[in-house]
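Q: Here you go, one structure.
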Amino acid sequence: MIRFDGVGKRFGDNVVLKGLDFTVAPGEFVTLIGPSGSGKTTILRLLMTLEKVSEGTIRVGGEYLSHLERGGKLVPANEAHLREARKRIGMVFQQFNLFPNMKVLRNITEAPIRSLGKPREEAEARARELLDLVGLGDKVDAHPSQLSGGQQQRVAIARALAMEPSVLLLDEVTSALDPELVTGVLHLLKDIAESTDITFLCVTHEMQFAQDVSDRVMMFDHGQILEDAPPEKLFTSPEHERTREFLSAVIGRA
């Protein structure tokens with residue numbers, strides 16, 4: 001579902017990603033871990049087309065993301081191609097990014113109506129289903145300011161699901177939450193991952209969540225993959241010394 005081939009990303013002289021090669025299979029849940037500044041979030045931003053690759057290619061569902069094939073050659077994608085590509089990819093950010101002037105229902109229906117051309121009645125019916133799924137069926141008419149941080153993040157998850165993505169990107173979705181709200185959001189994401197065929201790519205510092213939900217975990221450092229293994233392998237017997245150091249620092253495991 002996701003394929004990175006020789007992907008590099010630079011900001012001026014700062015090299016953030018170096019010759020990155022990896023794949024994520026359809027329906028797989030892959031988690032990226034590693035120290036801050038290692039390039040994890042940049043990967044998600046490239047997939048959302050918020051940033052452009054400096055070299056290499058990305059494919060989603062077999063189609064090039066930021067390139068087009070023209071005359072037998074790859075050329076940078078135009079805006080129309082990028083708009084279509086984005087429809088298959090959802091993202092839940094660290095900050096909830098809800099529209100403060102819109103009620104919860106409209107926060108969820110706005111993109112499906114405008115971007116997917118969904119009839120309002122259909123979009124609203126689906127939004128109500130999703131709000132029930134995330135445990136907020138009674139908050140249809142609330143404004144974001146009337147919700148707790150955990151509730152706002154649940155709305156953000158429902159909003160991402162309303163776009164019917166093939167791929168869902170999660171960027172430290174619990175980092176802005178009070179500790180007592182984290183567990184509920186993580187349990188919700190685990191339920192969604194287990195009950196749908198969505199492909200997940202997740203950046204998190206919640207190591208227990210990574211262990212519980214992931215099919216694979218990739219350890220990143222300095223823009224490169226140091227280790228790529230099932231969680232039961234990576235968390236119990238990592239092969240790379242840097243992985244052992246990182247895990248020891250974040251969860252006290254040598």
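Residue names in the structure tokens use chain letters A, B, ... in the order shown, residue numbers from 1 in each chain, and ligand numbers from 1 in the order shown.
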Skip Leu82 of chain A itself and residues of its chain fewer than 3 positions away, then list as number ranges by chain all residues within 8 Å of it, counting only C-alpha atoms.
A: A: 49, 65-66, 77-79, 85-86
Q: Could you name the residues that touch segment 170-175 of chain A at 9 Å or less, counting only C-alpha atoms, but leaving out those on the same chain fewer than 5 positions away, as a list in words?
A: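 Once the nearby chain positions are removed, what remains is Lys40, Thr41, Leu44, Gly90, Met91, Val92, Phe93, Gln94, Gln95, Phe96, Gly150, Gln153, Leu181, Val182, Thr183, Val185, Leu186, Phe200, Leu201, Cys202, Val203, Thr204, His205 and Glu206 of chain A.
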Q: Grab the atom CA of His240 of chain A to atom CA of Val16 of chain A distance for me, in Å with one decimal place.
A: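 Interatomic distance, atom CA of His240 of chain A to atom CA of Val16 of chain A: 20.5 Å.
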Q: Which residues are close to Glu55 of chain A, i.e. within 8 Å by only C-alpha atoms, leaving aside same-chain residues fewer than 5 positions away? Reply as a PyMOL selection string.
A: chain A and resi 6-9
Q: Quick one: pick out all strand (DSSP E or B) residues within segment 38-100 of chain A from a backbone DSSP run and write them as a VMD selection string.
A: chain A and resid 55 to 60 63 to 64 67 to 70 73 to 76 89 to 92
Q: Next, the residues of the selection above should be written as a CSV table (one decimal), in the first residue's frame with N, CA and C atoms.
A:
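Here's the written file selection_20.csv:
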chain,number,residue,atom,x,y,z
A,55,GLU,N,14.6,13.5,-3.4
A,55,GLU,CA,15.0,12.5,-4.3
A,55,GLU,C,14.2,11.3,-4.0
A,56,GLY,N,14.1,10.4,-5.0
A,56,GLY,CA,13.4,9.1,-4.8
A,56,GLY,C,11.9,9.3,-5.1
A,57,THR,N,11.2,8.2,-4.9
A,57,THR,CA,9.7,8.2,-5.2
A,57,THR,C,8.9,7.5,-4.1
A,58,ILE,N,7.7,7.9,-4.0
A,58,ILE,CA,6.7,7.3,-3.0
A,58,ILE,C,5.5,6.9,-3.9
A,59,ARG,N,5.1,5.6,-3.6
A,59,ARG,CA,3.9,5.1,-4.2
A,59,ARG,C,2.9,4.8,-3.1
A,60,VAL,N,1.6,5.0,-3.4
A,60,VAL,CA,0.5,4.7,-2.5
A,60,VAL,C,-0.5,3.9,-3.3
A,63,GLU,N,0.3,3.6,-7.1
A,63,GLU,CA,0.4,4.8,-7.9
A,63,GLU,C,1.4,5.8,-7.3
A,64,TYR,N,2.1,6.5,-8.2
A,64,TYR,CA,3.1,7.5,-7.7
A,64,TYR,C,2.3,8.6,-7.0
A,67,HIS,N,4.8,12.2,-8.1
A,67,HIS,CA,5.2,12.2,-9.5
A,67,HIS,C,4.1,11.7,-10.4
A,68,LEU,N,4.3,12.0,-11.7
A,68,LEU,CA,3.5,11.5,-12.8
A,68,LEU,C,4.4,10.9,-13.8
A,69,GLU,N,3.8,9.8,-14.5
A,69,GLU,CA,4.5,9.2,-15.6
A,69,GLU,C,4.1,10.0,-16.9
A,70,ARG,N,5.0,10.5,-17.6
A,70,ARG,CA,4.7,11.3,-18.8
A,70,ARG,C,5.7,11.0,-19.8
A,73,LYS,N,8.7,9.0,-18.7
A,73,LYS,CA,9.5,9.6,-17.7
A,73,LYS,C,8.7,10.0,-16.5
A,74,LEU,N,9.3,10.1,-15.3
A,74,LEU,CA,8.7,10.6,-14.1
A,74,LEU,C,8.9,12.1,-14.1
A,75,VAL,N,7.8,12.8,-13.9
A,75,VAL,CA,7.9,14.3,-13.7
A,75,VAL,C,7.1,14.7,-12.4
A,76,PRO,N,7.4,15.8,-11.8
A,76,PRO,CA,6.7,16.2,-10.6
A,76,PRO,C,5.2,16.3,-10.9
A,89,ILE,N,-5.7,9.3,1.6
A,89,ILE,CA,-4.8,9.3,2.8
A,89,ILE,C,-5.4,10.3,3.9
A,90,GLY,N,-5.6,9.7,5.1
A,90,GLY,CA,-6.1,10.6,6.2
A,90,GLY,C,-5.0,10.8,7.2
A,91,MET,N,-5.1,11.8,8.0
A,91,MET,CA,-4.1,12.1,9.0
A,91,MET,C,-4.7,12.6,10.3
A,92,VAL,N,-4.3,12.1,11.4
A,92,VAL,CA,-4.7,12.7,12.7
A,92,VAL,C,-3.4,13.3,13.3
Q: Near Ala111 of chain A, within 10 Å and counting only C-alpha atoms, which residues show up once chain neighbours fewer than 4 positions away are dropped, as a list in words?
A: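 The contact residues come out as Lys87, Arg106, Asn107, Ser115, Leu116, Gly117, Lys118, Ala123, Arg159, Ala160, Ala162 and Met163 of chain A.
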Q: Would you write out those residues with N, CA, C and O atoms, as a CSV table (one decimal), in the first residue's frame?
A:
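Generated output (again_16.csv):
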chain,number,residue,atom,x,y,z
A,87,LYS,N,-7.0,12.2,-1.3
A,87,LYS,CA,-8.3,11.7,-0.9
A,87,LYS,C,-8.1,10.3,-0.3
A,87,LYS,O,-9.0,9.8,0.4
A,106,ARG,N,-20.5,19.4,11.7
A,106,ARG,CA,-20.0,20.0,10.4
A,106,ARG,C,-18.5,19.8,10.3
A,106,ARG,O,-17.9,19.8,9.2
A,107,ASN,N,-17.8,19.8,11.5
A,107,ASN,CA,-16.3,19.5,11.4
A,107,ASN,C,-16.1,18.2,10.7
A,107,ASN,O,-15.1,18.1,10.0
A,115,SER,N,-14.8,17.8,-0.7
A,115,SER,CA,-13.7,17.1,-1.4
A,115,SER,C,-14.2,15.9,-2.2
A,115,SER,O,-13.7,15.6,-3.3
A,116,LEU,N,-15.1,15.1,-1.5
A,116,LEU,CA,-15.6,13.9,-2.1
A,116,LEU,C,-16.9,14.0,-2.9
A,116,LEU,O,-17.3,13.1,-3.5
A,117,GLY,N,-17.5,15.2,-2.7
A,117,GLY,CA,-18.8,15.4,-3.4
A,117,GLY,C,-20.0,14.6,-2.8
A,117,GLY,O,-20.9,14.3,-3.5
A,118,LYS,N,-19.8,14.3,-1.5
A,118,LYS,CA,-20.9,13.5,-0.8
A,118,LYS,C,-22.2,14.4,-0.7
A,118,LYS,O,-22.0,15.5,-0.3
A,123,ALA,N,-23.5,12.4,4.1
A,123,ALA,CA,-22.3,12.7,4.9
A,123,ALA,C,-22.7,12.9,6.4
A,123,ALA,O,-21.9,12.4,7.3
A,159,ARG,N,-13.3,12.5,12.0
A,159,ARG,CA,-13.2,13.4,10.8
A,159,ARG,C,-12.3,12.7,9.8
A,159,ARG,O,-12.6,12.7,8.6
A,160,ALA,N,-11.2,12.1,10.2
A,160,ALA,CA,-10.3,11.5,9.3
A,160,ALA,C,-10.9,10.2,8.7
A,160,ALA,O,-10.8,10.0,7.5
A,162,ALA,N,-14.1,9.8,8.2
A,162,ALA,CA,-15.2,10.2,7.3
A,162,ALA,C,-14.7,10.3,5.8
A,162,ALA,O,-15.5,10.2,4.9
A,163,MET,N,-13.4,10.5,5.6
A,163,MET,CA,-12.9,10.6,4.3
A,163,MET,C,-12.6,9.2,3.6
A,163,MET,O,-12.1,9.1,2.5
Q: Got a sec to tell me which of segment 3-249 of chain A DSSP assigns to alpha helix (DSSP H), as a count of residues only?
A: 93
Q: Given the choices A:Met219, A:Leu130, A:Ala176, A:Ala25, which gets closest to Glu164 of chain A if the distance is worked out from only C-alpha atoms?
A: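 Closest candidate: A:Leu130.
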